[in-house]
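Below: one structure, written as structure tokens.
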Amino acid sequence: MERERATPAAGRALIVEDEPRIRELVALHLSLEGLACVEAGTGDEALRLARAERFDLIVLDLMLPGLDGVTVCRAIRRDSPNAATPILMLTARSEESDKVIGLESGADDYLTKPFGVRELVARARALLRRAGAARAAHAPDAAGIVSAAGLAIDPSRRQVRAGERAIDLTALEFELLHLLASRRGLVFSRETLLARVWKDDRHVTERSVDTLVKRVRKKIEPDPENPRYVLTVWGAGYKFADADD
Ligand code: CA
């Protein structure tokens with residue numbers, strides 16, 4: 001099932017889709033964009049490839065035989081060289097739940113089938129552009145410091161600098177801010193934040209997330225009532241402001 005197309009390499013894409021016609025269509029048009037495409041028809045094969053090699057873009061169907069797209073996506077994010085690779089999820093239905101599932105699992109964007117080729121290419125380009133810009137502007141520097149929207153977030157000191165002002169955060173406050181700022185613009189649900197920030201602590205509820213966000217805002221936001229860094233996405237969760245916000 002695995003086939004590599006020889007193309008001028010502007011990067012490498014992993015295309016995961018069990019329907020051969022769609023998979024080939026996606027691979028064809030992304031290879032025209034200069035991406036070398038590797039194809040996989042099952043979730044298990046996709047995960048094996050994503051754990052073995054680094055890609056610049058992953059197109060991942062939600063409904064797959066064996067491991068489904070959400071499981072694959074979470075596994076890639078948790079433990080693979082592609083933890084930060086942009087993932088475009090393909091979903092069969094346009095229901096809100098699909099979108100939330102896709103984004104909660106760590107996908108960066110989603111496309112509902114049937115989709116047009118131009119839309120696919122536009123989304124892929126946008127993700128590659130955003131990933132490139134993120135690498136250039138927001139990637140942790142040698143000391144692991146994440147720079148976002150004028151804040152310098154330093155894990156070694158567990159400290160945030162806003163210009164000349166140094167702000168000390170607690171471990172949880174820092175963890176939350178660092179996670180959000182490392183994936184600017186990506187919406188994290190309260191459930192995901194609980195799992196990623198508190199990990200195995202079972203004595204917390206989704207309300208704890210809101211309380212922690214409030215505390216972080218109080219420390220870092222010039223006007224905590226009108227936040228410009230940590231934003232609420234109604235009905236979905238929280239995100240760090242996009243570059244353009
Ligand atoms: Ca499918």
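The way I read the labels, and the way they are meant: chains A, B, ... in the order of the structure tokens, residue 1 as the first residue of every chain, and ligand 1 as the first ligand shown, with later ones counted on from there.
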Those in region 4-224 of chain A with alpha helix (DSSP H) from DSSP, as an MDAnalysis selection string: chainID A and resid 20:32 43:52 69:78 96:104 117:137 171:182 190:193 206:220
At most 7 Å from ligand 1 (only C-alpha atoms and all ligand atoms): residue list as a ChimeraX atom specification: /A:17-19,61-64
Prev. selection, all heavy atoms, output as a compact mmCIF listing (two decimals), in the first residue's frame:
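Saved to result_31.txt:
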```txt
# COMPACT_ATOMS: atom_id res chain seq x y z
N GLU A 17 -5.74 7.39 3.94
CA GLU A 17 -7.13 7.33 3.44
C GLU A 17 -7.34 5.92 2.90
O GLU A 17 -6.50 5.41 2.16
CB GLU A 17 -7.29 8.40 2.35
CG GLU A 17 -8.52 8.26 1.48
CD GLU A 17 -9.81 8.48 2.24
OE1 GLU A 17 -10.16 9.62 2.55
OE2 GLU A 17 -10.47 7.45 2.54
N ASP A 18 -8.46 5.28 3.31
CA ASP A 18 -8.69 3.91 2.86
C ASP A 18 -9.37 3.83 1.50
O ASP A 18 -9.37 2.78 0.87
CB ASP A 18 -9.47 3.11 3.91
CG ASP A 18 -10.79 3.77 4.25
OD1 ASP A 18 -10.79 5.00 4.46
OD2 ASP A 18 -11.81 3.07 4.30
N GLU A 19 -9.96 4.95 1.06
CA GLU A 19 -10.58 4.91 -0.27
C GLU A 19 -9.53 5.29 -1.31
O GLU A 19 -9.08 6.44 -1.36
CB GLU A 19 -11.75 5.89 -0.33
CG GLU A 19 -12.92 5.46 0.55
CD GLU A 19 -13.91 6.58 0.78
OE1 GLU A 19 -14.57 6.98 -0.19
OE2 GLU A 19 -14.01 7.05 1.92
N ASP A 61 -7.60 10.66 7.20
CA ASP A 61 -9.04 10.36 7.16
C ASP A 61 -9.51 9.97 8.56
O ASP A 61 -8.78 9.32 9.30
CB ASP A 61 -9.26 9.21 6.17
CG ASP A 61 -10.74 8.93 5.93
OD1 ASP A 61 -11.55 9.86 6.12
OD2 ASP A 61 -11.07 7.80 5.57
N LEU A 62 -10.73 10.41 8.91
CA LEU A 62 -11.24 10.10 10.26
C LEU A 62 -11.68 8.64 10.37
O LEU A 62 -11.38 7.94 11.33
CB LEU A 62 -12.42 11.03 10.57
CG LEU A 62 -13.07 10.90 11.94
CD1 LEU A 62 -12.10 11.24 13.05
CD2 LEU A 62 -14.30 11.81 12.03
N MET A 63 -12.43 8.16 9.34
CA MET A 63 -12.96 6.79 9.38
C MET A 63 -12.02 5.87 8.61
O MET A 63 -11.94 5.93 7.39
CB MET A 63 -14.35 6.76 8.74
CG MET A 63 -15.36 7.65 9.42
SD MET A 63 -15.69 7.17 11.12
CE MET A 63 -16.73 5.74 10.82
N LEU A 64 -11.32 5.03 9.37
CA LEU A 64 -10.34 4.13 8.75
C LEU A 64 -10.55 2.72 9.30
O LEU A 64 -11.01 2.56 10.43
CB LEU A 64 -8.92 4.56 9.13
CG LEU A 64 -8.37 5.84 8.54
CD1 LEU A 64 -7.16 6.30 9.32
CD2 LEU A 64 -8.04 5.65 7.07
```
Option closest in space to Asp168 (chain A), from A:Ala241, A:Ile153, A:Leu47, A:Ile15 [counting only C-alpha atoms]: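 Checking each of A:Ala241, A:Ile153, A:Leu47, A:Ile15 against Asp168 (chain A), counting only C-alpha atoms, the winner is A:Ile153.
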All strand (DSSP E) residues (DSSP, backbone) inside region 56-135 of chain A, as a list in words: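 Result set for region 56-135 of chain A (strand (DSSP E)): Leu57, Ile58, Val59, Leu60, Asp61, Ile87, Leu88, Met89, Leu90, Thr91, Asp109, Tyr110, Leu111 and Thr112 of chain A.
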12 Å contact set for Arg228 (chain A), only C-alpha atoms, chain neighbours under 6 positions out, as a PyMOL selection string: chain A and resi 148-151+217-218+220-222+239-245
For CA of Arg123 (chain A) and CA of Glu45 (chain A), the interatomic separation in Å (one decimal): 24.1 Å
Contacts of Thr192 (chain A) at 10 Å (only C-alpha atoms; same-chain gap of 3+ positions) as a PyMOL selection string: chain A and resi 104-106+187-189+195-199+206+237
